[in-house]
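K.L.:
Here you go, this is run_7.txt (compact mmCIF, C-alpha atoms and all ligand atoms).
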```
# COMPACT_ATOMS: atom_id res chain seq x y z
CA MET A 1 21.71 -19.48 -2.25
CA ASP A 2 25.12 -21.10 -1.79
CA PHE A 3 27.27 -18.57 0.02
CA GLY A 4 30.56 -20.11 -1.18
CA LEU A 5 29.36 -19.89 -4.77
CA ALA A 6 28.35 -16.26 -4.28
CA LEU A 7 31.80 -15.43 -2.90
CA GLY A 8 33.46 -17.26 -5.77
CA ALA A 9 31.49 -15.20 -8.31
CA MET A 10 32.58 -11.94 -6.67
CA ASN A 11 34.90 -9.66 -8.54
CA TRP A 12 35.65 -5.94 -8.63
CA THR A 13 32.76 -5.17 -10.98
CA ASN A 14 30.30 -6.98 -8.72
CA ILE A 15 31.60 -5.24 -5.63
CA LEU A 16 31.50 -1.84 -7.34
CA GLU A 17 27.94 -2.46 -8.56
CA GLY A 18 26.98 -3.53 -5.05
CA ILE A 19 28.43 -0.37 -3.51
CA ILE A 20 26.81 1.89 -6.12
CA SER A 21 23.42 0.16 -5.66
CA GLY A 22 23.69 0.51 -1.88
CA LEU A 23 24.60 4.21 -2.05
CA VAL A 24 21.90 5.04 -4.60
CA SER A 25 19.32 3.21 -2.47
CA ILE A 26 20.42 5.03 0.71
CA LEU A 27 20.26 8.43 -1.02
CA CYS A 28 16.85 7.84 -2.61
CA SER A 29 15.38 6.38 0.60
CA THR A 30 16.62 9.38 2.59
CA ALA A 31 14.96 11.68 0.06
CA ILE A 32 11.68 9.71 0.31
CA VAL A 33 11.72 9.86 4.15
CA TRP A 34 12.56 13.60 4.03
CA PHE A 35 9.63 14.21 1.68
CA VAL A 36 7.06 12.03 3.50
CA THR A 37 7.90 13.36 6.98
CA ARG A 38 7.02 16.83 5.63
CA LEU A 39 4.01 15.70 3.65
CA ILE A 40 2.21 13.98 6.55
CA PRO A 41 2.01 17.00 8.93
CA ALA A 42 0.89 19.17 5.98
CA LYS A 43 -1.87 16.66 5.21
CA ARG A 44 -2.96 16.50 8.87
CA LYS A 45 -3.11 20.27 9.09
CA LYS A 46 -5.22 20.39 5.92
CA SER A 47 -7.68 17.85 7.34
CA GLY A 48 -8.32 20.13 10.32
CA ALA A 49 -5.93 19.03 13.07
CA ASP A 50 -5.06 22.08 15.18
CA ASP A 51 -1.70 21.16 16.68
CA VAL A 52 0.54 19.35 14.23
CA PRO A 53 3.97 18.36 15.50
CA LYS A 54 6.69 17.62 12.95
CA GLU A 55 7.16 13.94 12.16
CA PRO A 56 10.63 13.05 13.51
CA TYR A 57 13.24 11.46 11.22
CA PHE A 58 13.78 8.54 13.56
CA SER A 59 10.22 7.61 14.44
CA PRO A 60 9.39 3.90 14.00
CA PHE A 61 7.40 4.90 10.93
CA ALA A 62 10.28 6.85 9.33
CA LEU A 63 12.74 4.00 9.95
CA SER A 64 10.36 1.42 8.56
CA LEU A 65 9.67 3.62 5.53
CA PHE A 66 13.42 3.96 5.00
CA ALA A 67 13.90 0.18 5.06
CA THR A 68 10.98 -0.33 2.66
CA SER A 69 12.28 2.26 0.19
CA PHE A 70 15.82 0.91 0.48
CA PHE A 71 14.88 -2.63 -0.54
CA GLY A 72 12.35 -1.38 -3.10
CA ILE A 73 15.02 0.66 -4.89
CA LEU A 74 17.58 -2.12 -4.49
CA SER A 75 15.18 -4.55 -6.17
CA GLY A 76 14.91 -2.16 -9.14
CA LEU A 77 18.71 -1.86 -9.37
CA SER A 78 19.22 -5.62 -9.07
CA LEU A 79 16.93 -5.97 -12.09
CA VAL A 80 19.24 -3.61 -14.00
CA PHE A 81 22.54 -5.24 -12.93
CA TYR A 82 21.50 -8.89 -12.55
CA PRO A 83 18.28 -9.48 -14.51
CA GLU A 84 18.88 -13.26 -14.59
CA SER A 85 19.39 -13.73 -10.86
CA SER A 86 16.91 -14.34 -8.04
CA TYR A 87 17.94 -11.09 -6.26
CA PHE A 88 14.97 -9.18 -7.66
CA ALA A 89 12.35 -11.65 -6.39
CA GLY A 90 14.00 -11.67 -2.95
CA PHE A 91 14.27 -7.89 -2.62
CA VAL A 92 10.76 -7.26 -3.94
CA SER A 93 9.23 -9.75 -1.48
CA LEU A 94 11.17 -8.13 1.35
CA ALA A 95 10.10 -4.62 0.27
CA MET A 96 6.45 -5.70 0.09
CA PHE A 97 6.61 -7.31 3.53
CA LEU A 98 8.23 -4.18 4.99
CA GLY A 99 5.61 -2.05 3.19
CA ILE A 100 2.85 -3.85 5.12
CA ILE A 101 4.76 -3.35 8.40
CA THR A 102 5.19 0.37 7.55
CA PHE A 103 1.47 0.75 6.94
CA LEU A 104 0.63 -0.99 10.24
CA ILE A 105 3.04 1.31 12.08
CA TYR A 106 1.63 4.40 10.35
CA ASP A 107 -1.93 3.37 11.18
CA ASN A 108 -1.12 2.66 14.86
CA GLN A 109 1.22 5.45 15.83
CA CYS A 110 0.30 8.37 18.06
CA PRO A 111 0.49 11.65 16.09
CA ASN A 112 1.82 13.40 19.18
CA CYS A 113 4.49 11.20 20.81
CA TYR A 114 4.94 8.79 17.83
CA ARG A 115 4.86 5.72 20.03
CA ILE A 116 3.29 2.77 18.25
CA PHE A 117 0.49 0.38 19.21
CA LYS A 118 -0.65 2.70 22.02
CA LYS A 119 -3.71 3.86 20.08
CA LYS A 120 -7.03 3.04 21.72
CA LEU A 121 -10.41 3.49 20.03
CA THR A 122 -12.62 5.26 22.57
CA ARG A 123 -15.74 6.12 20.59
CA LYS A 124 -17.42 5.88 17.18
CA GLU A 125 -19.93 8.38 15.89
CA THR A 126 -21.98 8.15 12.69
CA ILE A 127 -21.92 11.50 10.90
CA ASN A 128 -24.40 10.71 8.15
CA ASP A 129 -25.80 8.09 5.78
CA GLU A 130 -26.04 9.25 2.21
CA GLU A 131 -27.89 7.62 -0.68
CA ARG A 132 -25.90 7.55 -3.91
CA GLU A 133 -26.76 6.20 -7.32
CA TYR A 134 -24.76 3.41 -8.89
CA ARG A 135 -25.17 2.94 -12.64
CA TYR A 136 -24.37 -0.38 -14.28
CA ARG A 137 -25.21 -2.67 -17.19
CA ASP A 138 -25.56 -6.44 -17.21
CA CYS A 139 -22.22 -7.97 -17.99
CA THR A 140 -20.90 -11.35 -19.07
CA VAL A 141 -17.24 -12.22 -18.57
CA TYR A 142 -15.66 -14.99 -20.62
CA LEU A 143 -12.64 -16.74 -19.13
CA TYR A 144 -9.74 -18.68 -20.66
CA THR A 145 -9.05 -22.20 -19.38
CA ASP A 146 -6.55 -20.77 -16.84
CA GLY A 147 -9.20 -18.47 -15.35
CA SER A 148 -7.88 -15.21 -16.81
CA GLU A 149 -10.28 -12.85 -18.59
CA LYS A 150 -10.84 -13.33 -22.31
CA ASP A 151 -13.73 -10.99 -23.09
CA ARG A 152 -16.22 -8.76 -21.36
CA VAL A 153 -19.61 -8.17 -23.02
CA TYR A 154 -22.13 -5.60 -21.78
CA SER A 155 -25.83 -5.96 -22.64
CA GLY A 156 -29.19 -4.31 -22.05
CA GLU A 157 -30.09 -0.84 -20.84
CA GLU A 158 -28.20 1.01 -18.16
CA LYS A 159 -29.67 0.29 -14.71
CA VAL A 160 -29.60 2.40 -11.59
CA ARG A 161 -29.55 1.24 -7.99
CA THR A 162 -29.32 3.21 -4.77
CA GLU A 163 -26.52 2.52 -2.34
CA THR A 164 -26.01 3.81 1.18
CA TRP A 165 -22.67 5.43 2.00
CA ARG A 166 -21.87 5.89 5.66
CA THR A 167 -19.53 8.56 7.00
CA TRP A 168 -18.35 8.11 10.56
CA LYS A 169 -15.78 9.48 12.94
CA GLU A 170 -13.55 7.42 15.21
CA PHE A 171 -12.02 8.92 18.35
CA TYR A 172 -8.70 7.68 19.66
CA GLU A 173 -6.63 8.18 22.74
CA CYS A 174 -2.92 7.48 23.16
CA GLN A 175 -2.28 5.13 26.08
CA ALA A 176 1.23 6.56 26.48
CA CYS A 177 0.84 10.36 26.43
CA GLY A 178 -2.95 10.86 26.66
CA HIS A 179 -3.16 12.72 23.33
CA ARG A 180 -6.61 12.56 21.70
CA TRP A 181 -7.37 12.67 18.02
CA ASP A 182 -10.00 11.56 15.53
CA LYS A 183 -10.31 10.33 11.98
CA ILE A 184 -13.15 10.36 9.46
CA PHE A 185 -14.04 7.25 7.44
CA GLU A 186 -16.41 6.59 4.58
CA ARG A 187 -17.71 3.26 3.35
CA ASN A 188 -20.26 1.96 0.89
CA LEU A 189 -22.54 -0.30 2.97
CA ASP A 190 -23.98 -1.91 -0.16
CA ALA A 191 -20.67 -2.66 -1.86
CA ASP A 192 -20.90 -6.39 -1.19
CA ASN A 193 -24.26 -6.90 -2.85
CA ARG A 194 -23.50 -5.08 -6.10
CA PRO A 195 -24.71 -7.10 -9.12
CA LYS A 196 -21.95 -9.47 -10.18
CA PRO A 197 -21.10 -10.27 -13.79
CA ASN A 198 -22.23 -13.56 -15.28
CA ILE A 199 -19.09 -15.71 -15.63
CA ILE A 200 -18.60 -18.23 -18.43
CA ARG A 201 -15.57 -20.50 -18.64
CA THR A 202 -14.59 -21.20 -22.24
CA LYS A 203 -12.45 -24.07 -23.53
CA VAL A 204 -10.04 -21.62 -25.16
CA ASP A 205 -6.43 -21.67 -23.97
CA PRO A 206 -4.80 -18.31 -23.18
CA PRO A 207 -2.51 -16.91 -25.89
CA ILE A 208 1.13 -17.86 -25.40
CA LYS A 209 3.25 -14.95 -24.20
CA VAL A 210 6.50 -14.38 -26.06
ZN ZN A 301 1.12 9.58 22.41
```
Would you mind giving the structure from this file in structure tokens?
Ligand SMILES: [Zn+2]

P.N.:
Amino acid sequence: MDFGLALGAMNWTNILEGIISGLVSILCSTAIVWFVTRLIPAKRKKSGADDVPKEPYFSPFALSLFATSFFGILSGLSLVFYPESSYFAGFVSLAMFLGIITFLIYDNQCPNCYRIFKKKLTRKETINDEEREYRYRDCTVYLYTDGSEKDRVYSGEEKVRTETWRTWKEFYECQACGHRWDKIFERNLDADNRPKPNIIRTKVDPPIKV
């Protein structure tokens, strides 16, 4: 974007809208961080952790969450004030990028000292393998010329197959403070070989959106 052009287009309304958007975003993001930093220890306690310290306001996770919320809310406001401009696309991309960073930080931070990327996997332990039924019917999907879905037709009797679900526990240790913790995971080992629908590409163009 041409900076000179942006300055030229500035007037009191723009500046006021900018200030209001900024303040609203700061307030909402603060509320989100306040809520999440209380929610996470409550969730940990519920899942059986014995000693649950309070998530600090200025942990890397909280700061990253604040930045993500800030640009997420700003993108919504830019859509209200400047629907024709490219602000929305820019802010949304930034919020999504920061969202991924926030998740990585959350997943890699020590629940005791809150330092990040000090988590070390020390051991894995399978808890159990459970057989579960998966019910399905044969399915044919018809696609438009652009590859989007046109129709979905189910046929035949309902079939049943057995899938194995594994539950396992991972043990971690913090390389900074020595804190140890664990987490339980569950995954369908047969998810990849589920029967896939039969796909037929038609010569029909997708309907034109108004
Ligand atoms: Zn630690």

K.L.:
Enter the distance from CA of Thr145 in chain A to CA of Lys203 in chain A, in Å, rounded to one decimal.

P.N.:
5.7 Å

K.L.:
Hey, which residues sit close to ligand ZN 301 (chain A)? Say within 12 Å, counting only C-alpha atoms and all ligand atoms, and write them as a list in words.

P.N.:
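Written in the requested form, the residues are Pro53, Asn108, Gln109, Cys110, Pro111, Asn112, Cys113, Tyr114, Arg115, Ile116, Phe117, Lys118, Lys119, Lys120, Tyr172, Glu173, Cys174, Gln175, Ala176, Cys177, Gly178, His179, Arg180 and Trp181 of chain A.
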
K.L.:
Go ahead and save the residues from that selection, with C-alpha atoms, as a short mmCIF file (atom, residue, chain, number, x, y, z; two decimals), keeping the file's coordinate frame.

P.N.:
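Once everything was written out, this is selection.cif:
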```cif
data_model
loop_
_atom_site.label_atom_id
_atom_site.label_comp_id
_atom_site.auth_asym_id
_atom_site.auth_seq_id
_atom_site.Cartn_x
_atom_site.Cartn_y
_atom_site.Cartn_z
CA PRO A 53 3.97 18.36 15.50
CA ASN A 108 -1.12 2.66 14.86
CA GLN A 109 1.22 5.45 15.83
CA CYS A 110 0.30 8.37 18.06
CA PRO A 111 0.49 11.65 16.09
CA ASN A 112 1.82 13.40 19.18
CA CYS A 113 4.49 11.20 20.81
CA TYR A 114 4.94 8.79 17.83
CA ARG A 115 4.86 5.72 20.03
CA ILE A 116 3.29 2.77 18.25
CA PHE A 117 0.49 0.38 19.21
CA LYS A 118 -0.65 2.70 22.02
CA LYS A 119 -3.71 3.86 20.08
CA LYS A 120 -7.03 3.04 21.72
CA TYR A 172 -8.70 7.68 19.66
CA GLU A 173 -6.63 8.18 22.74
CA CYS A 174 -2.92 7.48 23.16
CA GLN A 175 -2.28 5.13 26.08
CA ALA A 176 1.23 6.56 26.48
CA CYS A 177 0.84 10.36 26.43
CA GLY A 178 -2.95 10.86 26.66
CA HIS A 179 -3.16 12.72 23.33
CA ARG A 180 -6.61 12.56 21.70
CA TRP A 181 -7.37 12.67 18.02
#
```

K.L.:
For the point (-23.0, -11.5, -9.6) in file coordinates, what residues are within 12 Å, counting all atoms listed in the file? Give the answer as a list in words?

P.N.:
Arg137, Asp138, Cys139, Thr140, Val141, Ala191, Asp192, Asn193, Arg194, Pro195, Lys196, Pro197, Asn198, Ile199 and Ile200 of chain A

K.L.:
Given all atoms listed in the file as the basis, pick out the residue of A:Gly18, A:Pro206, A:Gly147, A:Gly99 nearest to Ala62 in chain A.

P.N.:
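Ranking A:Gly18, A:Pro206, A:Gly147, A:Gly99 by distance to Ala62 in chain A, first place goes to A:Gly99.
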
K.L.:
I need every residue sitting at most 7 Å from the point (7.8, 1.6, 13.3) (coordinates as in the file, all atoms listed in the file considered), written as a list in words.

P.N.:
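The answer, in the requested form, is Ser59, Pro60, Phe61, Leu63, Ser64, Thr102, Ile105 and Ile116 of chain A.
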
K.L.:
Quick check, in Å to one decimal: how far apart do CA of Asp151 in chain A and CA of Tyr134 in chain A lie?

P.N.:
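Pair CA of Asp151 in chain A / CA of Tyr134 in chain A returns 23.0 Å.
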
K.L.:
Which is closest to Val80 in chain A among A:Asn128, A:Glu17, A:Glu55, A:Phe97, if we use only C-alpha atoms?

P.N.:
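Nearest to Val80 in chain A: A:Glu17.
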
K.L.:
Closest to Arg123 in chain A among A:Asp182, A:Glu84, A:Glu163, A:Asp146, using all atoms listed in the file?

P.N.:
A:Asp182

K.L.:
Using only C-alpha atoms, which of A:Leu121, A:Val160, A:Ile26, A:Ala31 sits nearest Arg135 in chain A?

P.N.:
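For Arg135 in chain A, the nearest of the given residues is A:Val160.
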
K.L.:
So, with only C-alpha atoms as the atoms that count, which of A:Phe58, A:Tyr154, A:Ala95, A:Ser78 lies closest to Asn14 in chain A?

P.N.:
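Among A:Phe58, A:Tyr154, A:Ala95, A:Ser78, it is A:Ser78 that comes nearest to Asn14 in chain A.
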
K.L.:
Closest to Val33 in chain A among A:Pro56, A:Thr13, A:Asp190, A:Asp107, using all atoms listed in the file?

P.N.:
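Looking at the shortest contact to Val33 in chain A, the residue is A:Pro56.
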
K.L.:
Measure the distance from CA of Phe66 in chain A to CA of Phe91 in chain A in Å and round it to one decimal.

P.N.:
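CA of Phe66 in chain A sits 14.1 Å away from CA of Phe91 in chain A.
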
K.L.:
Find the spatial neighbours of Glu186 in chain A, counting all atoms listed in the file, within a cut-off of 9 Å - ignore same-chain residues fewer than 4 positions away - and output them as JSON, numbers by chain.

P.N.:
{"A": [165, 166, 167, 168, 169]}
